[in-house]
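Asks: Contents are CSV, C-alpha atoms and all ligand atoms; file name protein-v3.csv:
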```
chain,number,residue,atom,x,y,z
A,1467,MET,CA,91.6,71.2,178.6
A,1468,ARG,CA,87.8,70.8,178.5
A,1469,VAL,CA,86.5,70.2,175.0
A,1470,LEU,CA,82.8,70.4,174.1
A,1471,ILE,CA,81.9,68.5,170.9
A,1472,THR,CA,78.5,69.0,169.2
A,1473,GLY,CA,77.1,66.3,166.9
A,1474,ALA,CA,78.8,63.6,169.0
A,1475,GLY,CA,76.2,61.2,167.6
A,1476,GLY,CA,77.2,61.8,164.0
A,1477,GLN,CA,80.0,60.2,162.0
A,1478,LEU,CA,82.7,63.0,162.5
A,1479,GLY,CA,81.6,63.8,166.1
A,1480,HIS,CA,81.9,60.1,167.1
A,1481,ASP,CA,85.6,60.0,166.0
A,1482,LEU,CA,86.3,63.4,167.5
A,1483,VAL,CA,85.1,62.1,170.9
A,1484,ASP,CA,87.4,59.0,170.4
A,1485,THR,CA,90.4,61.2,169.4
A,1486,PHE,CA,90.1,63.3,172.6
A,1487,ALA,CA,89.9,60.1,174.9
A,1488,GLU,CA,93.1,60.9,176.8
A,1489,VAL,CA,93.5,61.8,180.5
A,1490,ARG,CA,94.6,65.4,179.8
A,1491,TYR,CA,91.2,66.2,178.0
A,1492,GLU,CA,87.8,66.3,179.5
A,1493,VAL,CA,85.2,65.8,176.8
A,1494,VAL,CA,81.6,67.1,177.0
A,1495,ALA,CA,79.9,65.2,174.1
A,1496,THR,CA,76.6,66.7,173.1
A,1497,THR,CA,74.0,65.1,170.8
A,1498,HIS,CA,70.8,66.2,169.1
A,1499,ALA,CA,68.9,64.6,172.1
A,1500,SER,CA,71.0,66.2,174.8
A,1501,MET,CA,71.3,69.7,173.2
A,1502,ASP,CA,69.1,70.8,170.3
A,1503,LEU,CA,71.1,73.6,168.5
A,1504,THR,CA,67.9,75.4,167.7
A,1505,ASP,CA,67.0,75.8,171.4
A,1506,ARG,CA,69.0,78.9,172.4
A,1507,ASP,CA,68.4,78.5,176.1
A,1508,ALA,CA,69.5,74.8,176.0
A,1509,VAL,CA,72.7,75.7,174.1
A,1510,LEU,CA,73.6,78.6,176.4
A,1511,SER,CA,72.9,76.7,179.6
A,1512,THR,CA,74.9,73.6,178.3
A,1513,VAL,CA,77.9,75.7,177.2
A,1514,VAL,CA,77.9,78.0,180.2
A,1515,SER,CA,77.7,75.2,182.7
A,1516,ALA,CA,80.4,73.1,180.8
A,1517,GLU,CA,82.8,76.1,180.7
A,1518,PRO,CA,84.8,74.6,177.8
A,1519,ASP,CA,88.1,75.8,176.6
A,1520,VAL,CA,87.3,74.7,173.1
A,1521,ILE,CA,84.1,74.0,171.3
A,1522,ILE,CA,84.2,71.8,168.2
A,1523,HIS,CA,80.9,72.4,166.4
A,1524,ALA,CA,80.3,69.4,164.2
A,1525,ALA,CA,76.5,69.1,164.4
A,1526,ALA,CA,74.5,70.1,161.4
A,1527,TRP,CA,71.5,69.2,159.4
A,1528,THR,CA,73.4,67.4,156.6
A,1529,ALA,CA,70.5,66.0,154.5
A,1530,VAL,CA,71.3,68.1,151.5
A,1531,ASP,CA,68.2,67.1,149.4
A,1532,ALA,CA,65.8,67.5,152.4
A,1533,CYS,CA,67.3,71.0,153.0
A,1534,GLU,CA,66.1,72.1,149.6
A,1535,ALA,CA,62.5,71.3,150.6
A,1536,ASP,CA,62.8,73.0,154.1
A,1537,PRO,CA,65.1,76.0,154.0
A,1538,ASP,CA,63.8,77.3,157.3
A,1539,ARG,CA,64.8,74.2,159.1
A,1540,ALA,CA,68.2,74.2,157.3
A,1541,PHE,CA,68.8,77.8,158.5
A,1542,ALA,CA,67.4,77.2,162.0
A,1543,VAL,CA,69.9,74.3,162.6
A,1544,ASN,CA,72.9,75.3,160.5
A,1545,ALA,CA,72.8,79.1,160.8
A,1546,VAL,CA,70.8,80.0,164.0
A,1547,GLY,CA,72.1,76.9,165.7
A,1548,THR,CA,75.7,78.1,165.0
A,1549,ARG,CA,74.7,81.6,166.2
A,1550,ASN,CA,73.7,80.0,169.5
A,1551,VAL,CA,77.0,78.1,169.8
A,1552,ALA,CA,79.0,81.3,169.0
A,1553,GLU,CA,77.0,83.2,171.7
A,1554,GLY,CA,77.8,80.5,174.3
A,1555,ALA,CA,81.5,80.6,173.3
A,1556,ARG,CA,81.5,84.4,173.7
A,1557,ARG,CA,80.1,84.1,177.2
A,1558,THR,CA,82.7,81.5,178.3
A,1559,GLY,CA,85.8,82.6,176.3
A,1560,ALA,CA,85.9,79.2,174.5
A,1561,HIS,CA,87.7,78.9,171.1
A,1562,VAL,CA,85.4,77.6,168.4
A,1563,VAL,CA,86.2,75.3,165.6
A,1564,TYR,CA,83.2,75.2,163.2
A,1565,ILE,CA,83.0,72.3,160.7
A,1566,SER,CA,81.8,73.5,157.3
A,1567,THR,CA,81.6,72.1,153.8
A,1568,ASP,CA,82.7,72.2,150.2
A,1569,TYR,CA,79.1,73.0,149.4
A,1570,VAL,CA,79.8,76.7,150.3
A,1571,PHE,CA,81.3,76.8,146.8
A,1572,GLY,CA,79.4,76.5,143.5
A,1573,GLY,CA,81.7,73.8,142.1
A,1574,THR,CA,82.3,75.7,138.8
A,1575,LYS,CA,86.0,76.6,139.4
A,1576,ASP,CA,88.6,75.1,137.2
A,1577,GLY,CA,91.0,73.9,139.8
A,1578,PRO,CA,91.0,73.2,143.6
A,1579,TYR,CA,89.2,75.7,145.8
A,1580,ARG,CA,91.4,77.8,148.1
A,1581,GLU,CA,90.4,79.0,151.6
A,1582,TRP,CA,90.4,82.6,150.2
A,1583,ASP,CA,88.1,81.9,147.2
A,1584,GLU,CA,84.8,83.6,147.3
A,1585,PRO,CA,82.0,81.2,148.4
A,1586,ALA,CA,78.9,81.0,146.1
A,1587,PRO,CA,76.6,78.1,147.3
A,1588,HIS,CA,74.2,76.6,144.8
A,1589,THR,CA,72.1,74.8,147.4
A,1590,VAL,CA,70.1,75.6,150.5
A,1591,TYR,CA,72.4,73.3,152.6
A,1592,GLY,CA,75.5,75.2,151.3
A,1593,ALA,CA,73.9,78.6,151.9
A,1594,SER,CA,72.9,77.6,155.4
A,1595,LYS,CA,76.3,76.3,156.3
A,1596,LEU,CA,77.9,79.5,154.8
A,1597,ALA,CA,75.5,81.5,157.0
A,1598,GLY,CA,76.8,79.4,159.9
A,1599,GLU,CA,80.4,80.4,159.0
A,1600,ARG,CA,79.4,84.1,159.2
A,1601,GLU,CA,78.2,83.6,162.8
A,1602,ILE,CA,81.8,82.6,163.8
A,1603,ASP,CA,83.8,85.4,165.4
A,1604,SER,CA,87.1,86.3,163.9
A,1605,GLY,CA,90.0,84.7,165.7
A,1606,HIS,CA,88.1,81.4,165.8
A,1607,ALA,CA,88.4,78.6,163.2
A,1608,ILE,CA,86.3,77.3,160.3
A,1609,VAL,CA,87.2,73.8,158.8
A,1610,ARG,CA,85.7,73.0,155.4
A,1611,THR,CA,85.8,69.4,154.4
A,1612,SER,CA,84.3,67.2,151.7
A,1613,TRP,CA,82.9,63.7,150.9
A,1614,VAL,CA,83.0,62.7,154.6
A,1615,CYS,CA,83.1,59.0,155.5
A,1616,GLY,CA,83.4,57.3,158.9
A,1617,ALA,CA,82.9,53.9,160.4
A,1618,ASN,CA,79.9,55.3,162.3
A,1619,GLY,CA,76.9,56.6,160.3
A,1620,ASN,CA,75.7,56.5,156.7
A,1621,ASN,CA,78.0,57.5,153.9
A,1622,PHE,CA,79.0,56.7,150.3
A,1623,VAL,CA,81.3,53.8,151.4
A,1624,LYS,CA,78.4,52.1,153.2
A,1625,THR,CA,76.0,52.8,150.3
A,1626,MET,CA,78.3,51.1,147.8
A,1627,LEU,CA,78.8,48.1,150.0
A,1628,ARG,CA,75.0,47.8,150.4
A,1629,LEU,CA,74.5,48.1,146.7
A,1630,ALA,CA,77.1,45.4,146.2
A,1631,ALA,CA,75.0,43.1,148.4
A,1632,GLU,CA,71.7,44.0,146.7
A,1633,ARG,CA,72.4,44.4,143.0
A,1634,ASP,CA,74.4,42.9,140.2
A,1635,THR,CA,75.2,46.2,138.4
A,1636,TRP,CA,74.6,49.9,138.9
A,1637,GLY,CA,75.7,53.3,137.7
A,1638,VAL,CA,77.8,56.0,139.6
A,1639,VAL,CA,78.3,59.6,138.6
A,1640,ASP,CA,81.6,60.2,136.9
A,1641,ASP,CA,81.6,63.9,136.3
A,1642,GLN,CA,81.8,65.3,139.8
A,1643,ARG,CA,85.2,65.5,141.3
A,1644,GLY,CA,86.3,65.7,145.0
A,1645,CYS,CA,88.5,64.4,147.7
A,1646,PRO,CA,87.2,61.8,150.1
A,1647,SER,CA,87.7,62.6,153.7
A,1648,PHE,CA,87.8,60.0,156.4
A,1649,THR,CA,86.7,60.9,159.9
A,1650,ALA,CA,89.5,59.2,161.8
A,1651,ASP,CA,92.0,61.3,159.9
A,1652,LEU,CA,89.9,64.5,160.0
A,1653,ALA,CA,89.4,64.2,163.8
A,1654,VAL,CA,93.2,64.1,164.4
A,1655,ALA,CA,93.8,67.1,162.2
A,1656,ILE,CA,90.9,69.1,163.8
A,1657,LYS,CA,92.2,68.2,167.2
A,1658,ARG,CA,95.6,69.9,166.3
A,1659,LEU,CA,93.8,73.0,165.2
A,1660,ALA,CA,91.6,73.0,168.3
A,1661,VAL,CA,94.3,72.4,170.8
A,1662,GLY,CA,96.6,75.0,169.2
A,1663,ARG,CA,93.6,77.5,169.0
A,1664,LEU,CA,94.6,78.3,165.4
A,1665,PRO,CA,92.4,81.0,163.9
A,1666,GLY,CA,91.1,81.2,160.3
A,1667,VAL,CA,89.6,79.1,157.5
A,1668,PHE,CA,91.2,75.7,156.8
A,1669,HIS,CA,90.3,73.2,154.1
A,1670,LEU,CA,90.9,69.7,155.2
A,1671,SER,CA,90.5,66.5,153.2
A,1672,ASN,CA,92.4,63.3,152.4
A,1673,GLN,CA,94.6,63.8,149.4
A,1674,GLY,CA,94.0,62.9,145.8
A,1675,PRO,CA,91.0,64.0,143.7
A,1676,THR,CA,88.7,61.4,142.2
A,1677,THR,CA,85.2,61.1,140.9
A,1678,TRP,CA,82.3,59.3,142.7
A,1679,TYR,CA,82.7,56.6,140.0
A,1680,GLY,CA,86.5,56.3,140.7
A,1681,PHE,CA,85.8,56.2,144.5
A,1682,ALA,CA,83.1,53.6,144.0
A,1683,CYS,CA,85.5,51.3,142.0
A,1684,ALA,CA,88.1,51.6,144.7
A,1685,ILE,CA,85.6,50.7,147.4
A,1686,LEU,CA,84.5,47.6,145.6
A,1687,GLU,CA,88.1,46.6,144.9
A,1688,ALA,CA,89.1,47.1,148.6
A,1689,ALA,CA,86.1,45.0,149.7
A,1690,GLY,CA,86.9,42.2,147.3
A,1691,HIS,CA,84.2,42.8,144.7
A,1692,ASP,CA,84.5,43.2,141.0
A,1693,PRO,CA,84.5,47.0,140.2
A,1694,GLN,CA,83.3,46.2,136.7
A,1695,ARG,CA,79.8,45.8,138.1
A,1696,ILE,CA,79.7,49.6,138.2
A,1697,SER,CA,79.3,51.8,135.2
A,1698,PRO,CA,80.1,55.5,134.9
A,1699,ILE,CA,77.0,57.8,134.4
A,1700,THR,CA,76.6,61.6,134.2
A,1701,THR,CA,75.1,64.1,136.6
A,1702,ALA,CA,72.2,64.4,134.2
A,1703,ASP,CA,71.5,60.6,134.4
A,1704,TYR,CA,71.0,60.9,138.2
A,1705,PRO,CA,68.7,63.9,139.0
A,1706,VAL,CA,68.5,64.9,142.7
A,1707,PRO,CA,66.8,67.9,144.3
A,1708,ALA,CA,70.0,69.6,145.4
A,1709,PRO,CA,72.5,70.2,142.6
A,1710,ARG,CA,75.9,68.6,143.5
A,1711,PRO,CA,79.1,70.7,142.9
A,1712,ALA,CA,80.9,69.4,139.8
A,1713,ASN,CA,84.2,70.4,141.5
A,1714,SER,CA,84.5,69.9,145.2
A,1715,VAL,CA,88.3,69.6,145.3
A,1716,LEU,CA,89.6,71.7,148.3
A,1717,ASP,CA,93.3,72.8,148.3
A,1718,ASN,CA,94.5,72.3,151.9
A,1719,GLY,CA,96.7,75.4,151.5
A,1720,ALA,CA,96.1,77.0,154.9
A,1721,TRP,CA,96.9,73.7,156.7
A,1722,ARG,CA,100.0,73.2,154.6
A,1723,LEU,CA,101.2,76.8,155.1
A,1724,ALA,CA,100.7,76.4,158.8
A,1725,GLY,CA,103.4,73.8,158.6
A,1726,PHE,CA,101.3,70.7,159.0
A,1727,GLU,CA,101.8,67.5,156.9
A,1728,ALA,CA,99.1,66.7,154.4
A,1729,LEU,CA,96.5,64.1,155.3
A,1730,ASP,CA,97.0,60.6,153.8
A,1731,GLU,CA,96.1,59.9,150.2
A,1732,TRP,CA,92.6,58.5,150.4
A,1733,HIS,CA,93.2,54.9,149.4
A,1734,ALA,CA,95.0,54.2,152.7
A,1735,PRO,CA,92.2,55.3,155.0
A,1736,LEU,CA,89.7,53.6,152.7
A,1737,ALA,CA,91.4,50.3,153.2
A,1738,ARG,CA,91.4,50.9,157.0
A,1739,ILE,CA,87.6,51.7,157.1
A,1740,ILE,CA,86.7,48.8,154.9
A,1741,LYS,CA,88.6,46.5,157.3
A,1742,GLU,CA,86.7,48.0,160.2
A,1743,ILE,CA,83.2,47.8,158.8
A,1744,THR,CA,83.3,44.5,156.9
A,1801,LIG,N1,78.8,64.3,155.4
A,1801,LIG,C1,79.6,64.9,154.5
A,1801,LIG,O1,79.9,64.4,153.4
A,1801,LIG,C2,80.1,66.3,154.9
A,1801,LIG,C3,80.9,67.0,153.9
A,1801,LIG,C4,81.4,68.2,154.2
A,1801,LIG,C5,81.1,68.8,155.5
A,1801,LIG,N2,80.4,68.1,156.4
A,1801,LIG,C6,80.1,68.8,157.7
A,1801,LIG,O2,80.8,68.0,158.6
A,1801,LIG,C7,80.1,68.0,159.9
A,1801,LIG,C8,79.9,66.6,160.3
A,1801,LIG,O3,79.2,65.8,159.3
A,1801,LIG,P1,78.8,64.3,159.6
A,1801,LIG,O4,78.9,63.7,158.2
A,1801,LIG,O5,79.4,63.8,160.8
A,1801,LIG,O6,77.2,64.6,159.8
A,1801,LIG,P2,76.2,63.6,160.5
A,1801,LIG,O7,76.7,62.2,160.6
A,1801,LIG,O8,74.9,63.9,159.8
A,1801,LIG,O9,76.1,64.2,162.0
A,1801,LIG,C9,75.5,65.4,162.3
A,1801,LIG,C10,74.9,65.3,163.7
A,1801,LIG,O10,74.3,66.6,163.9
A,1801,LIG,C11,73.1,66.3,164.6
A,1801,LIG,N3,72.1,67.3,164.5
A,1801,LIG,C12,71.2,67.5,163.5
A,1801,LIG,N4,70.3,68.5,163.9
A,1801,LIG,C13,70.7,68.9,165.1
A,1801,LIG,C14,70.1,69.8,166.0
A,1801,LIG,N5,69.1,70.6,165.7
A,1801,LIG,N6,70.7,69.9,167.2
A,1801,LIG,C15,71.7,69.2,167.6
A,1801,LIG,N7,72.3,68.2,166.8
A,1801,LIG,C16,71.7,68.1,165.6
A,1801,LIG,C17,72.6,65.0,164.0
A,1801,LIG,O11,71.7,64.3,164.9
A,1801,LIG,P3,70.4,63.5,164.4
A,1801,LIG,O12,71.0,62.6,163.3
A,1801,LIG,O13,70.0,62.8,165.6
A,1801,LIG,O14,69.5,64.5,163.8
A,1801,LIG,C18,73.9,64.2,163.8
A,1801,LIG,O15,74.3,63.4,164.9
A,1801,LIG,C19,78.8,68.8,159.6
A,1801,LIG,O16,78.9,70.0,160.1
A,1801,LIG,C20,78.7,68.8,158.1
A,1801,LIG,O17,78.0,69.9,157.7
A,1801,LIG,C21,79.9,66.9,156.1
```
I need this file expressed as structure tokens, please.
Replies:
Amino acid sequence: MRVLITGAGGQLGHDLVDTFAEVRYEVVATTHASMDLTDRDAVLSTVVSAEPDVIIHAAAWTAVDACEADPDRAFAVNAVGTRNVAEGARRTGAHVVYISTDYVFGGTKDGPYREWDEPAPHTVYGASKLAGEREIDSGHAIVRTSWVCGANGNNFVKTMLRLAAERDTWGVVDDQRGCPSFTADLAVAIKRLAVGRLPGVFHLSNQGPTTWYGFACAILEAAGHDPQRISPITTADYPVPAPRPANSVLDNGAWRLAGFEALDEWHAPLARIIKEIT
């Protein structure tokens, strides 16, 4: 099976490439430098010459605050870029797994978001990723995930460890809820969906909702620091250009109903990643 992975230089793409490192798979790993999503000719020629059986499309412009200031760039990469990937897939018969986000929802629901809930993004990033979802042909797959952390790349875990080295105390938002998702676990689950060519929308995250403050305390504890150095603050105390969803919790219902076991509760993969990066 030949698997083309976009965004191989990113945190999820890196672990997807690792997960497919078996003799029975041939991996074509594309990066921003090797295949710019916004260049239709480059995407079509790369996909057509690779003739993949499956495309896992993990590349995106993920800088949520920067997206607010440059919607055209956000839509060029996340929507038109995905249109280009979908067109390449159509020409080669490849099955597509498009990686999407909790930001397609507004975050106002009282309870976990189901795959069948109506998206209503409140940010340019979320709207551009939803536009990308709409470029995916039916019969292919969309995987929405949240609060992504991997050993490779920048993420919340690394930010908290950096702050622990730089500051005595700091505040972390305690009124936004979500489920952390670790790329090593996500990659294995995405591989199962991709190899099985399962169609439809799937929510995938590690299990157990928390707040950013709760997550930060656990990161400090796991790295041997005193979590009391962090204090809980509110969203209003920490203004940012792109409004963050208050509720990002994704019910992994479609995954569960397909007969798969839930991903680990998030403390276990957190301990693994802390060990790997410290
Ligand atoms: N991070 C999260 O918390 C989160 C949450 C939910 C969903 N997701 C989704 O999960 C997927 C993977 O996220 P991630 O955290 O692994 O992101 P990431 O580390 O930012 O990786 C994304 C990759 O896409 C590449 N890229 C950006 N613009 C491109 C372009 N025009 N052409 C080709 N490649 C381009 C980036 O390359 P450069 O860095 O060189 O530009 C980067 O290597 C994304 O689809 C994202 O929307 C992420």
Asks: Box in all listed atoms of range 1599-1608 of chain A, axis-aligned, with 5 Å more on each side; write out centre and edge lengths in Å to one decimal as lines of an AutoDock Vina configuration file.
Replies:
```
center_x = 84.1
center_y = 81.8
center_z = 162.4
size_x = 21.8
size_y = 19.0
size_z = 16.8
```
Asks: Neighbours of ligand LIG 1801 (chain A) at 9 Å or closer, counting all atoms listed in the file: which residues, as a PyMOL selection string?
Replies: chain A and resi 1472-1481+1496-1505+1523-1529+1539-1540+1542-1544+1547+1564-1569+1591-1592+1595+1609-1616+1618-1622+1646-1647+1649
Asks: In Å to one decimal, how far is CA of Asp1538 in chain A from CA of Arg1643 in chain A?
Replies: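 Distance reported for this atom pair: 29.2 Å.
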Asks: To one decimal place in Å, what is the distance between CA of Glu1601 in chain A and CA of Arg1580 in chain A?
Replies: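 Going from CA of Glu1601 in chain A over to CA of Arg1580 in chain A, I get 20.6 Å.
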Asks: Of the candidates A:Val1514, A:Ala1682, A:Val1661, A:Ala1508, which one gets nearest to Gly1637 in chain A if we count all atoms listed in the file?
Replies: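 Residue with the minimum atom-to-atom distance to Gly1637 in chain A: A:Ala1682.
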Asks: Go through A:Leu1716, A:Val1623, A:Cys1683, A:Leu1664 and flag the residue nearest Leu1736 in chain A, using only C-alpha atoms for the distances.
Replies: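 For Leu1736 in chain A, the nearest of the candidates is A:Val1623.
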Asks: Determine, for each residue of range 1634-1656 of chain A having at least one atom at most 9 Å from an atom of range 1665-1674 of chain A, the closest pair of atoms and their separation in Å to one decimal, counting all atoms listed in the file; order by chain and ascending number, as a tab-separated table.
Replies:
```
residue	atom	partner	partner_atom	distance
A:Gly1644	CA	A:Gly1674	CA	8.2
A:Cys1645	CA	A:Gly1674	CA	6.0
A:Pro1646	CA	A:Asn1672	CA	5.9
A:Ser1647	CA	A:Ser1671	CA	4.8
A:Phe1648	CA	A:Asn1672	CA	6.9
A:Asp1651	CA	A:Asn1672	CA	7.8
A:Leu1652	CA	A:Ser1671	CA	7.1
A:Ala1655	CA	A:Leu1670	CA	8.0
A:Ile1656	CA	A:Leu1670	CA	8.6
```
